[in-house]
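Notes to accompany the following structure.
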Amino acid sequence: MFTGLCAFPPTPSDADGVVDAEAFAMLIDRAASAGVDSICILGSTGGFAYLDPPQRARAVRIAVEACSGRVPIMVGIGAMRTPWCTALARDAEHAGADGLLLPPLAYLPLTEAEVVTHYMAVAAATGLPLCIYNNPSTTHFRFTDDLVGRLAGVPNIAAIKMPPSGDPAASLALLRAATPPGFQIGHSGDWEAAAALGAGMDAWFSVVAGLLPAPALRLTRAAQHGDIQQAQAIDAAFAPLWQLFQTHGSFRLLPDIADRLGLRLGDPPLPLQRVDREVTSQVDACLARLAAI
């Protein structure tokens with residue numbers, strides 16, 4: 001399930017962190033109906049860090065029901081303590097999820113030995129396949145190739161979600177050499193998607209596909225089929241939006257994108273705020289450009 005286009009939808013919620021079930025189900029249905037290969041909820045884009053455990057559990061139930069088995073559902077289970085993660089993993093499996101995404105969250109910096117113990121414990125807690133979330137910009141822990149290779153030998157640890165690197169092809173080659181056959185390597189950082197897929201990455205873990213699944217899927221299929229010219233053309237249409245993502249953070253931009261698509265998302269959870277009106281006008285121009293491809 002860690003191949004192709006994995007859409008990461010945001011989680012609509014109110015100012016108190018209560019998930020908007022109807023709006024969230026609509027986003028899940030939108031992605032599944034577009035034909036994405038999988039959907040991941042409660043990742044960074046899903047705002048898991050701003051939802052309490054009951055609302056996270058509720059979001060899983062909503063997503064599984066809305067998807068109705070059309071595509072696999074992966075659930076982010078990041079939390080500060082190992083027992084909390086194992087509980088989230090079991091709850092997700094019980095609710096009908098198909099896979100798990102685990103970042104190494106910590107307030108105090110984790111050692112490599114602590115990360116190994118953490119991942120082994122969570123992987124053993126359920127029968128679901130687990131994807132390592134290498135996201136050093138938020139976790140402040142960067143997985144080495146050797147560590148990924150070690151964890152890839154743990155039962156149920158099946159994939160990794162890699163951050164932007166500046167050179168996806170080189171990153172992929174090093175990881176392929178360190179991991180066993182069948183271990184799946186996916187890429188985040190939407191602005192590197194075309195290059196990463198073209199280099200042979202197994203998956204694109206995509207922020208933008210959570211709200212704009214159709215053009216993201218066209219980019220994915222073009223890259224997978226070796227149509228470099230088409231992939232580059234679609235990527236060029238996305239380029240102004242990629243620049244906004246890198247400058248302002250995609251999470252802050254999603255509410256304005258959703259507004260313009262007629263999707264109900266709400267404001268970012270406080271203390272986060274929407275982008276300035278000047279940036280909003282740039283979002284309008286980006287969406288107009290994408291509508292033309």
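Residue numbering restarts at 1 in every chain; chains get A, B, ... in the order shown in the structure tokens, and ligands count up from 1 in that same order.
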Show me, as a Markdown table, the residues of segment 153-228 of chain A having an atom within 12 Å of segment 6-11 of chain A, each with the closest atom pair and its distance in Å, using only C-alpha atoms.
| residue | atom | partner | partner_atom | distance |
| --- | --- | --- | --- | --- |
| A:Lys161 | CA | A:Cys6 | CA | 10.7 |
| A:Gly186 | CA | A:Cys6 | CA | 9.3 |
| A:His187 | CA | A:Cys6 | CA | 10.0 |
| A:Ser188 | CA | A:Cys6 | CA | 9.9 |
| A:Gly189 | CA | A:Phe8 | CA | 12.0 |
| A:Asp190 | CA | A:Ala7 | CA | 11.1 |
| A:Ala193 | CA | A:Cys6 | CA | 11.7 |
| A:Asp202 | CA | A:Cys6 | CA | 10.5 |
| A:Ala203 | CA | A:Cys6 | CA | 7.0 |
| A:Trp204 | CA | A:Cys6 | CA | 6.1 |
| A:Phe205 | CA | A:Cys6 | CA | 4.9 |
| A:Ser206 | CA | A:Ala7 | CA | 5.2 |
| A:Val207 | CA | A:Phe8 | CA | 5.2 |
| A:Val208 | CA | A:Ala7 | CA | 7.5 |
| A:Ala209 | CA | A:Ala7 | CA | 4.7 |
| A:Gly210 | CA | A:Pro9 | CA | 3.7 |
| A:Leu211 | CA | A:Pro9 | CA | 6.4 |
| A:Leu212 | CA | A:Ala7 | CA | 9.0 |
| A:Pro213 | CA | A:Ala7 | CA | 7.0 |
| A:Ala214 | CA | A:Ala7 | CA | 10.5 |
| A:Pro215 | CA | A:Ala7 | CA | 11.8 |
| A:Ala216 | CA | A:Ala7 | CA | 8.9 |
| A:Leu217 | CA | A:Ala7 | CA | 9.4 |
| A:Thr220 | CA | A:Cys6 | CA | 10.1 |
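Residues lying within 7 Å of Gln184 of chain A, counting only C-alpha atoms and ignoring same-chain neighbours fewer than 4 positions away, are Phe2, Ala158, Ala159, Ile160 and Asp202 of chain A.
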Go ahead and save the residues from that selection, with all heavy atoms, as a PDB file, in the first residue's frame.
ATOM      1  N   PHE A   2       2.164   1.105   0.014  1.00  0.00           N
ATOM      2  CA  PHE A   2       3.041   2.272   0.065  1.00  0.00           C
ATOM      3  C   PHE A   2       3.619   2.566  -1.312  1.00  0.00           C
ATOM      4  O   PHE A   2       4.821   2.786  -1.470  1.00  0.00           O
ATOM      5  CB  PHE A   2       4.148   2.039   1.090  1.00  0.00           C
ATOM      6  CG  PHE A   2       3.647   1.670   2.456  1.00  0.00           C
ATOM      7  CD1 PHE A   2       3.827   0.389   2.959  1.00  0.00           C
ATOM      8  CD2 PHE A   2       2.968   2.590   3.242  1.00  0.00           C
ATOM      9  CE1 PHE A   2       3.368   0.037   4.217  1.00  0.00           C
ATOM     10  CE2 PHE A   2       2.498   2.250   4.507  1.00  0.00           C
ATOM     11  CZ  PHE A   2       2.699   0.973   4.993  1.00  0.00           C
ATOM     12  N   ALA A 158       7.601  -1.767   6.874  1.00  0.00           N
ATOM     13  CA  ALA A 158       7.557  -2.077   5.442  1.00  0.00           C
ATOM     14  C   ALA A 158       7.982  -0.942   4.530  1.00  0.00           C
ATOM     15  O   ALA A 158       8.174  -1.166   3.330  1.00  0.00           O
ATOM     16  CB  ALA A 158       6.132  -2.503   5.066  1.00  0.00           C
ATOM     17  N   ALA A 159       8.103   0.287   5.060  1.00  0.00           N
ATOM     18  CA  ALA A 159       8.322   1.423   4.168  1.00  0.00           C
ATOM     19  C   ALA A 159       8.877   2.599   4.952  1.00  0.00           C
ATOM     20  O   ALA A 159       8.908   2.598   6.183  1.00  0.00           O
ATOM     21  CB  ALA A 159       7.006   1.827   3.490  1.00  0.00           C
ATOM     22  N   ILE A 160       9.298   3.618   4.198  1.00  0.00           N
ATOM     23  CA  ILE A 160       9.737   4.872   4.809  1.00  0.00           C
ATOM     24  C   ILE A 160       9.245   6.032   3.974  1.00  0.00           C
ATOM     25  O   ILE A 160       9.169   5.953   2.742  1.00  0.00           O
ATOM     26  CB  ILE A 160      11.275   4.926   4.951  1.00  0.00           C
ATOM     27  CG1 ILE A 160      11.701   6.182   5.740  1.00  0.00           C
ATOM     28  CG2 ILE A 160      11.973   4.866   3.588  1.00  0.00           C
ATOM     29  CD1 ILE A 160      13.149   6.164   6.196  1.00  0.00           C
ATOM     30  N   ASP A 202       9.024   4.709  -4.839  1.00  0.00           N
ATOM     31  CA  ASP A 202       7.811   3.891  -4.891  1.00  0.00           C
ATOM     32  C   ASP A 202       6.547   4.713  -4.718  1.00  0.00           C
ATOM     33  O   ASP A 202       5.493   4.339  -5.251  1.00  0.00           O
ATOM     34  CB  ASP A 202       7.859   2.818  -3.790  1.00  0.00           C
ATOM     35  CG  ASP A 202       8.980   1.823  -4.006  1.00  0.00           C
ATOM     36  OD1 ASP A 202       9.026   1.217  -5.097  1.00  0.00           O
ATOM     37  OD2 ASP A 202       9.819   1.669  -3.104  1.00  0.00           O
TER      38      ASP A 202
END
Could you make a table, as CSV, of the residues of segment 22-59 of chain A that have an atom within 12 Å of an atom of segment 117-140 of chain A, each with its nearest atom pair and distance in Å to one decimal, counting only C-alpha atoms, in chain and number order?
residue,atom,partner,partner_atom,distance
A:Cys40,CA,A:Cys131,CA,10.9
A:Gly43,CA,A:Tyr133,CA,9.3
A:Ser44,CA,A:Thr138,CA,9.1
A:Ala49,CA,A:Thr138,CA,11.0
Practice item. Write out as a VMD selection string which residues come within 8 Å of segment 228-231 of chain A when counting only C-alpha atoms, dropping same-chain ones fewer than 2 positions away. Key: chain A and resid 194 198 218 to 220 222 to 223 226 233 to 235
Keeping N, CA and C atoms for every residue in the selection just given, could you write it to a file as a PDB file, in the first residue's frame?
ATOM      1  N   ALA A 194       8.049  15.182  -8.900  1.00  0.00           N
ATOM      2  CA  ALA A 194       8.331  14.740 -10.262  1.00  0.00           C
ATOM      3  C   ALA A 194       9.715  14.104 -10.345  1.00  0.00           C
ATOM      4  N   GLY A 198      10.332  10.125 -10.922  1.00  0.00           N
ATOM      5  CA  GLY A 198      11.125   9.834 -12.099  1.00  0.00           C
ATOM      6  C   GLY A 198      12.371   9.032 -11.784  1.00  0.00           C
ATOM      7  N   ARG A 218      -2.400  13.043 -12.062  1.00  0.00           N
ATOM      8  CA  ARG A 218      -1.892  13.131 -13.432  1.00  0.00           C
ATOM      9  C   ARG A 218      -0.368  13.237 -13.431  1.00  0.00           C
ATOM     10  N   LEU A 219       0.177  14.018 -12.514  1.00  0.00           N
ATOM     11  CA  LEU A 219       1.627  14.120 -12.410  1.00  0.00           C
ATOM     12  C   LEU A 219       2.231  12.757 -12.060  1.00  0.00           C
ATOM     13  N   THR A 220       1.612  12.077 -11.101  1.00  0.00           N
ATOM     14  CA  THR A 220       2.117  10.776 -10.669  1.00  0.00           C
ATOM     15  C   THR A 220       2.134   9.775 -11.812  1.00  0.00           C
ATOM     16  N   ALA A 222       2.066  10.278 -15.049  1.00  0.00           N
ATOM     17  CA  ALA A 222       3.010  10.648 -16.103  1.00  0.00           C
ATOM     18  C   ALA A 222       4.425  10.226 -15.718  1.00  0.00           C
ATOM     19  N   ALA A 223       4.805  10.494 -14.483  1.00  0.00           N
ATOM     20  CA  ALA A 223       6.143  10.123 -14.025  1.00  0.00           C
ATOM     21  C   ALA A 223       6.312   8.611 -13.983  1.00  0.00           C
ATOM     22  N   GLY A 226       6.934   7.117 -17.367  1.00  0.00           N
ATOM     23  CA  GLY A 226       8.112   7.578 -18.072  1.00  0.00           C
ATOM     24  C   GLY A 226       7.865   8.721 -19.034  1.00  0.00           C
ATOM     25  N   ALA A 233       5.736  19.243 -17.354  1.00  0.00           N
ATOM     26  CA  ALA A 233       4.759  20.289 -17.655  1.00  0.00           C
ATOM     27  C   ALA A 233       3.780  20.472 -16.500  1.00  0.00           C
ATOM     28  N   ILE A 234       3.321  19.375 -15.934  1.00  0.00           N
ATOM     29  CA  ILE A 234       2.392  19.467 -14.796  1.00  0.00           C
ATOM     30  C   ILE A 234       3.117  20.037 -13.579  1.00  0.00           C
ATOM     31  N   ASP A 235       4.348  19.583 -13.365  1.00  0.00           N
ATOM     32  CA  ASP A 235       5.142  20.102 -12.252  1.00  0.00           C
ATOM     33  C   ASP A 235       5.360  21.605 -12.402  1.00  0.00           C
TER      34      ASP A 235
END
Could you write out, as a PDB file with all heavy atoms, in the first residue's frame, all the residues of segment 128-189 of chain A that DSSP marks as helix (DSSP H, G or I)?
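Listing of part.pdb after writing:
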ATOM      1  N   PRO A 136      12.739  15.216   9.878  1.00  0.00           N
ATOM      2  CA  PRO A 136      13.609  15.896  10.834  1.00  0.00           C
ATOM      3  C   PRO A 136      13.250  17.345  11.099  1.00  0.00           C
ATOM      4  O   PRO A 136      13.620  17.901  12.143  1.00  0.00           O
ATOM      5  CB  PRO A 136      15.001  15.774  10.198  1.00  0.00           C
ATOM      6  CG  PRO A 136      14.742  15.530   8.747  1.00  0.00           C
ATOM      7  CD  PRO A 136      13.467  14.756   8.692  1.00  0.00           C
ATOM      8  N   SER A 137      12.526  18.004  10.187  1.00  0.00           N
ATOM      9  CA  SER A 137      12.182  19.407  10.411  1.00  0.00           C
ATOM     10  C   SER A 137      11.247  19.572  11.605  1.00  0.00           C
ATOM     11  O   SER A 137      11.219  20.642  12.220  1.00  0.00           O
ATOM     12  CB  SER A 137      11.538  20.000   9.157  1.00  0.00           C
ATOM     13  OG  SER A 137      10.301  19.377   8.875  1.00  0.00           O
ATOM     14  N   THR A 138      10.481  18.552  11.944  1.00  0.00           N
ATOM     15  CA  THR A 138       9.587  18.645  13.102  1.00  0.00           C
ATOM     16  C   THR A 138      10.024  17.753  14.263  1.00  0.00           C
ATOM     17  O   THR A 138       9.836  18.097  15.422  1.00  0.00           O
ATOM     18  CB  THR A 138       8.141  18.285  12.719  1.00  0.00           C
ATOM     19  OG1 THR A 138       8.110  16.978  12.161  1.00  0.00           O
ATOM     20  CG2 THR A 138       7.581  19.271  11.726  1.00  0.00           C
ATOM     21  N   THR A 139      10.599  16.588  13.962  1.00  0.00           N
ATOM     22  CA  THR A 139      10.988  15.666  15.040  1.00  0.00           C
ATOM     23  C   THR A 139      12.406  15.919  15.537  1.00  0.00           C
ATOM     24  O   THR A 139      12.771  15.473  16.626  1.00  0.00           O
ATOM     25  CB  THR A 139      10.901  14.210  14.562  1.00  0.00           C
ATOM     26  OG1 THR A 139      11.886  13.991  13.528  1.00  0.00           O
ATOM     27  CG2 THR A 139       9.517  13.885  14.039  1.00  0.00           C
ATOM     28  N   ASP A 145      20.915   6.075   6.749  1.00  0.00           N
ATOM     29  CA  ASP A 145      20.626   4.942   5.874  1.00  0.00           C
ATOM     30  C   ASP A 145      20.836   3.626   6.621  1.00  0.00           C
ATOM     31  O   ASP A 145      20.058   2.670   6.456  1.00  0.00           O
ATOM     32  CB  ASP A 145      21.512   4.993   4.629  1.00  0.00           C
ATOM     33  CG  ASP A 145      21.243   6.216   3.768  1.00  0.00           C
ATOM     34  OD1 ASP A 145      20.103   6.733   3.803  1.00  0.00           O
ATOM     35  OD2 ASP A 145      22.164   6.671   3.074  1.00  0.00           O
ATOM     36  N   ASP A 146      21.878   3.565   7.438  1.00  0.00           N
ATOM     37  CA  ASP A 146      22.147   2.339   8.195  1.00  0.00           C
ATOM     38  C   ASP A 146      21.010   2.035   9.169  1.00  0.00           C
ATOM     39  O   ASP A 146      20.612   0.873   9.323  1.00  0.00           O
ATOM     40  CB  ASP A 146      23.461   2.465   8.958  1.00  0.00           C
ATOM     41  CG  ASP A 146      24.680   2.397   8.047  1.00  0.00           C
ATOM     42  OD1 ASP A 146      24.528   1.940   6.891  1.00  0.00           O
ATOM     43  OD2 ASP A 146      25.768   2.818   8.484  1.00  0.00           O
ATOM     44  N   LEU A 147      20.481   3.061   9.823  1.00  0.00           N
ATOM     45  CA  LEU A 147      19.385   2.838  10.762  1.00  0.00           C
ATOM     46  C   LEU A 147      18.136   2.371  10.022  1.00  0.00           C
ATOM     47  O   LEU A 147      17.424   1.463  10.497  1.00  0.00           O
ATOM     48  CB  LEU A 147      19.089   4.116  11.539  1.00  0.00           C
ATOM     49  CG  LEU A 147      17.915   4.051  12.519  1.00  0.00           C
ATOM     50  CD1 LEU A 147      18.099   2.927  13.526  1.00  0.00           C
ATOM     51  CD2 LEU A 147      17.732   5.392  13.233  1.00  0.00           C
ATOM     52  N   VAL A 148      17.842   2.967   8.882  1.00  0.00           N
ATOM     53  CA  VAL A 148      16.688   2.520   8.095  1.00  0.00           C
ATOM     54  C   VAL A 148      16.866   1.062   7.698  1.00  0.00           C
ATOM     55  O   VAL A 148      15.930   0.257   7.779  1.00  0.00           O
ATOM     56  CB  VAL A 148      16.497   3.401   6.849  1.00  0.00           C
ATOM     57  CG1 VAL A 148      15.358   2.859   5.980  1.00  0.00           C
ATOM     58  CG2 VAL A 148      16.203   4.839   7.253  1.00  0.00           C
ATOM     59  N   GLY A 149      18.076   0.697   7.288  1.00  0.00           N
ATOM     60  CA  GLY A 149      18.332  -0.683   6.926  1.00  0.00           C
ATOM     61  C   GLY A 149      18.116  -1.636   8.087  1.00  0.00           C
ATOM     62  O   GLY A 149      17.572  -2.737   7.911  1.00  0.00           O
ATOM     63  N   ARG A 150      18.491  -1.206   9.270  1.00  0.00           N
ATOM     64  CA  ARG A 150      18.286  -2.041  10.456  1.00  0.00           C
ATOM     65  C   ARG A 150      16.804  -2.204  10.766  1.00  0.00           C
ATOM     66  O   ARG A 150      16.321  -3.308  11.012  1.00  0.00           O
ATOM     67  CB  ARG A 150      19.010  -1.412  11.648  1.00  0.00           C
ATOM     68  CG  ARG A 150      18.900  -2.188  12.940  1.00  0.00           C
ATOM     69  CD  ARG A 150      19.679  -1.489  14.044  1.00  0.00           C
ATOM     70  NE  ARG A 150      19.495  -2.147  15.323  1.00  0.00           N
ATOM     71  CZ  ARG A 150      19.950  -1.683  16.486  1.00  0.00           C
ATOM     72  NH1 ARG A 150      20.629  -0.529  16.506  1.00  0.00           N
ATOM     73  NH2 ARG A 150      19.735  -2.337  17.612  1.00  0.00           N
ATOM     74  N   LEU A 151      16.054  -1.116  10.706  1.00  0.00           N
ATOM     75  CA  LEU A 151      14.631  -1.178  10.995  1.00  0.00           C
ATOM     76  C   LEU A 151      13.859  -1.914   9.905  1.00  0.00           C
ATOM     77  O   LEU A 151      12.816  -2.516  10.178  1.00  0.00           O
ATOM     78  CB  LEU A 151      14.069   0.233  11.173  1.00  0.00           C
ATOM     79  CG  LEU A 151      14.510   0.968  12.437  1.00  0.00           C
ATOM     80  CD1 LEU A 151      14.022   2.416  12.412  1.00  0.00           C
ATOM     81  CD2 LEU A 151      14.003   0.259  13.695  1.00  0.00           C
ATOM     82  N   PRO A 168      16.722  13.644  -4.914  1.00  0.00           N
ATOM     83  CA  PRO A 168      15.992  12.405  -4.614  1.00  0.00           C
ATOM     84  C   PRO A 168      16.645  11.159  -5.204  1.00  0.00           C
ATOM     85  O   PRO A 168      16.609  10.092  -4.584  1.00  0.00           O
ATOM     86  CB  PRO A 168      14.613  12.652  -5.234  1.00  0.00           C
ATOM     87  CG  PRO A 168      14.482  14.132  -5.335  1.00  0.00           C
ATOM     88  CD  PRO A 168      15.864  14.642  -5.581  1.00  0.00           C
ATOM     89  N   ALA A 169      17.237  11.272  -6.384  1.00  0.00           N
ATOM     90  CA  ALA A 169      17.846  10.101  -7.007  1.00  0.00           C
ATOM     91  C   ALA A 169      19.004   9.570  -6.171  1.00  0.00           C
ATOM     92  O   ALA A 169      19.140   8.353  -5.966  1.00  0.00           O
ATOM     93  CB  ALA A 169      18.318  10.449  -8.423  1.00  0.00           C
ATOM     94  N   ALA A 170      19.839  10.468  -5.676  1.00  0.00           N
ATOM     95  CA  ALA A 170      20.972  10.041  -4.853  1.00  0.00           C
ATOM     96  C   ALA A 170      20.492   9.458  -3.537  1.00  0.00           C
ATOM     97  O   ALA A 170      21.011   8.432  -3.065  1.00  0.00           O
ATOM     98  CB  ALA A 170      21.906  11.225  -4.610  1.00  0.00           C
ATOM     99  N   SER A 171      19.508  10.093  -2.924  1.00  0.00           N
ATOM    100  CA  SER A 171      18.941   9.591  -1.675  1.00  0.00           C
ATOM    101  C   SER A 171      18.365   8.194  -1.865  1.00  0.00           C
ATOM    102  O   SER A 171      18.565   7.293  -1.033  1.00  0.00           O
ATOM    103  CB  SER A 171      17.859  10.553  -1.181  1.00  0.00           C
ATOM    104  OG  SER A 171      17.188  10.044  -0.050  1.00  0.00           O
ATOM    105  N   LEU A 172      17.665   8.006  -2.967  1.00  0.00           N
ATOM    106  CA  LEU A 172      17.051   6.708  -3.247  1.00  0.00           C
ATOM    107  C   LEU A 172      18.109   5.631  -3.438  1.00  0.00           C
ATOM    108  O   LEU A 172      17.987   4.517  -2.915  1.00  0.00           O
ATOM    109  CB  LEU A 172      16.168   6.809  -4.488  1.00  0.00           C
ATOM    110  CG  LEU A 172      15.507   5.510  -4.959  1.00  0.00           C
ATOM    111  CD1 LEU A 172      14.562   4.977  -3.901  1.00  0.00           C
ATOM    112  CD2 LEU A 172      14.768   5.735  -6.273  1.00  0.00           C
ATOM    113  N   ALA A 173      19.150   5.940  -4.177  1.00  0.00           N
ATOM    114  CA  ALA A 173      20.199   4.951  -4.432  1.00  0.00           C
ATOM    115  C   ALA A 173      20.846   4.479  -3.133  1.00  0.00           C
ATOM    116  O   ALA A 173      21.094   3.271  -2.952  1.00  0.00           O
ATOM    117  CB  ALA A 173      21.253   5.546  -5.365  1.00  0.00           C
ATOM    118  N   LEU A 174      21.103   5.398  -2.218  1.00  0.00           N
ATOM    119  CA  LEU A 174      21.716   5.024  -0.944  1.00  0.00           C
ATOM    120  C   LEU A 174      20.780   4.150  -0.114  1.00  0.00           C
ATOM    121  O   LEU A 174      21.200   3.170   0.506  1.00  0.00           O
ATOM    122  CB  LEU A 174      22.106   6.277  -0.167  1.00  0.00           C
ATOM    123  CG  LEU A 174      23.247   7.105  -0.769  1.00  0.00           C
ATOM    124  CD1 LEU A 174      23.381   8.441  -0.033  1.00  0.00           C
ATOM    125  CD2 LEU A 174      24.564   6.332  -0.696  1.00  0.00           C
ATOM    126  N   LEU A 175      19.488   4.485  -0.107  1.00  0.00           N
ATOM    127  CA  LEU A 175      18.529   3.697   0.667  1.00  0.00           C
ATOM    128  C   LEU A 175      18.303   2.316   0.058  1.00  0.00           C
ATOM    129  O   LEU A 175      18.147   1.328   0.780  1.00  0.00           O
ATOM    130  CB  LEU A 175      17.200   4.445   0.770  1.00  0.00           C
ATOM    131  CG  LEU A 175      17.090   5.466   1.891  1.00  0.00           C
ATOM    132  CD1 LEU A 175      15.751   6.199   1.813  1.00  0.00           C
ATOM    133  CD2 LEU A 175      17.229   4.788   3.257  1.00  0.00           C
ATOM    134  N   ARG A 176      18.253   2.246  -1.269  1.00  0.00           N
ATOM    135  CA  ARG A 176      18.106   0.941  -1.915  1.00  0.00           C
ATOM    136  C   ARG A 176      19.260   0.020  -1.524  1.00  0.00           C
ATOM    137  O   ARG A 176      19.082  -1.176  -1.308  1.00  0.00           O
ATOM    138  CB  ARG A 176      18.066   1.102  -3.429  1.00  0.00           C
ATOM    139  CG  ARG A 176      16.812   1.764  -3.958  1.00  0.00           C
ATOM    140  CD  ARG A 176      15.663   0.797  -4.079  1.00  0.00           C
ATOM    141  NE  ARG A 176      14.557   1.407  -4.802  1.00  0.00           N
ATOM    142  CZ  ARG A 176      13.313   1.471  -4.361  1.00  0.00           C
ATOM    143  NH1 ARG A 176      12.999   0.951  -3.188  1.00  0.00           N
ATOM    144  NH2 ARG A 176      12.363   2.027  -5.088  1.00  0.00           N
ATOM    145  N   ALA A 177      20.449   0.579  -1.435  1.00  0.00           N
ATOM    146  CA  ALA A 177      21.613  -0.232  -1.079  1.00  0.00           C
ATOM    147  C   ALA A 177      21.575  -0.696   0.373  1.00  0.00           C
ATOM    148  O   ALA A 177      22.166  -1.728   0.716  1.00  0.00           O
ATOM    149  CB  ALA A 177      22.894   0.564  -1.336  1.00  0.00           C
ATOM    150  N   ALA A 178      20.858   0.068   1.222  1.00  0.00           N
ATOM    151  CA  ALA A 178      20.843  -0.237   2.653  1.00  0.00           C
ATOM    152  C   ALA A 178      19.662  -1.089   3.087  1.00  0.00           C
ATOM    153  O   ALA A 178      19.666  -1.619   4.211  1.00  0.00           O
ATOM    154  CB  ALA A 178      20.835   1.065   3.460  1.00  0.00           C
TER     155      ALA A 178
END
Give me, as a PDB file with N, CA, C and O atoms, in the first residue's frame, the residues of segment 141-196 of chain A that a backbone DSSP run labels strand (DSSP E or B).
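And here is the file that came out, result32.pdb:
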ATOM      1  N   ILE A 157       7.619  -3.559   9.667  1.00  0.00           N
ATOM      2  CA  ILE A 157       8.139  -2.277   9.178  1.00  0.00           C
ATOM      3  C   ILE A 157       8.423  -2.437   7.690  1.00  0.00           C
ATOM      4  O   ILE A 157       9.329  -3.166   7.289  1.00  0.00           O
ATOM      5  N   ALA A 158       7.601  -1.767   6.874  1.00  0.00           N
ATOM      6  CA  ALA A 158       7.557  -2.077   5.442  1.00  0.00           C
ATOM      7  C   ALA A 158       7.982  -0.942   4.530  1.00  0.00           C
ATOM      8  O   ALA A 158       8.174  -1.166   3.330  1.00  0.00           O
ATOM      9  N   ALA A 159       8.103   0.287   5.060  1.00  0.00           N
ATOM     10  CA  ALA A 159       8.322   1.423   4.168  1.00  0.00           C
ATOM     11  C   ALA A 159       8.877   2.599   4.952  1.00  0.00           C
ATOM     12  O   ALA A 159       8.908   2.598   6.183  1.00  0.00           O
ATOM     13  N   ILE A 160       9.298   3.618   4.198  1.00  0.00           N
ATOM     14  CA  ILE A 160       9.737   4.872   4.809  1.00  0.00           C
ATOM     15  C   ILE A 160       9.245   6.032   3.974  1.00  0.00           C
ATOM     16  O   ILE A 160       9.169   5.953   2.742  1.00  0.00           O
ATOM     17  N   LYS A 161       8.881   7.086   4.653  1.00  0.00           N
ATOM     18  CA  LYS A 161       8.497   8.365   4.028  1.00  0.00           C
ATOM     19  C   LYS A 161       9.665   9.318   4.222  1.00  0.00           C
ATOM     20  O   LYS A 161       9.968   9.738   5.331  1.00  0.00           O
ATOM     21  N   MET A 162      10.330   9.649   3.114  1.00  0.00           N
ATOM     22  CA  MET A 162      11.544  10.456   3.173  1.00  0.00           C
ATOM     23  C   MET A 162      11.255  11.937   2.985  1.00  0.00           C
ATOM     24  O   MET A 162      10.341  12.310   2.236  1.00  0.00           O
ATOM     25  N   GLN A 184       9.678  -0.497   0.763  1.00  0.00           N
ATOM     26  CA  GLN A 184       9.198   0.559  -0.122  1.00  0.00           C
ATOM     27  C   GLN A 184       9.634   1.937   0.380  1.00  0.00           C
ATOM     28  O   GLN A 184       9.555   2.238   1.571  1.00  0.00           O
ATOM     29  N   ILE A 185      10.077   2.747  -0.568  1.00  0.00           N
ATOM     30  CA  ILE A 185      10.644   4.063  -0.259  1.00  0.00           C
ATOM     31  C   ILE A 185       9.810   5.130  -0.949  1.00  0.00           C
ATOM     32  O   ILE A 185       9.694   5.157  -2.176  1.00  0.00           O
ATOM     33  N   GLY A 186       9.209   5.985  -0.149  1.00  0.00           N
ATOM     34  CA  GLY A 186       8.380   7.056  -0.670  1.00  0.00           C
ATOM     35  C   GLY A 186       8.957   8.415  -0.327  1.00  0.00           C
ATOM     36  O   GLY A 186       9.846   8.548   0.524  1.00  0.00           O
ATOM     37  N   HIS A 187       8.419   9.440  -0.976  1.00  0.00           N
ATOM     38  CA  HIS A 187       8.983  10.783  -0.873  1.00  0.00           C
ATOM     39  C   HIS A 187       7.911  11.797  -0.518  1.00  0.00           C
ATOM     40  O   HIS A 187       6.773  11.713  -0.983  1.00  0.00           O
TER      41      HIS A 187
END
Point to revise | Atom pair atom CA of Pro163 of chain A / atom CA of Val36 of chain A: separation (Å) | key: 20.5 Å
**Study point:** Nearest-residue call for Leu287 of chain A, choices A:Glu114, A:Ala152, A:Ala32, A:Ala258, using only C-alpha atoms
**Key:** A:Ala258
Exercise for review: Using only C-alpha atoms, determine which residues lie at most 7 Å from Val71 of chain A, disregarding the query and same-chain residues fewer than 3 positions distant; provide the list as a count of residues only.
Suggested key: 4
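Of the residues under consideration (A:Gly78, A:Val116, A:Phe238, A:Leu261), A:Phe238 shows the shortest atom-to-atom contact distance to Ala292 of chain A when counting only C-alpha atoms.
Coordinates place atom CA of Trp84 of chain A at a distance of 27.1 Å from atom CA of Ser250 of chain A.
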**Study point:** Pick from A:Glu22, A:Pro181, A:Arg81, A:Leu42, whichever lies nearest to Ala97 of chain A using only C-alpha atoms
**Key:** A:Leu42
Point to revise | Selection: 8 Å around segment 264-273 of chain A, only C-alpha atoms, excl. self and same-chain fewer than 2 positions, as a PyMOL selection string | key: chain A and resi 10-15+17+23+50+251-252+255+258-259+262+275
Exercise for review: Point out the residue among A:Cys286, A:Ala196, A:Leu108, A:Leu27 with the least atom-to-atom distance to Ala236 of chain A, counting only C-alpha atoms.
Suggested key: A:Cys286
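Using only C-alpha atoms, the shortest contact distance between Gly46 of chain A and any of A:Leu88, A:Leu110, A:Arg260, A:Leu254 is found at A:Leu254.
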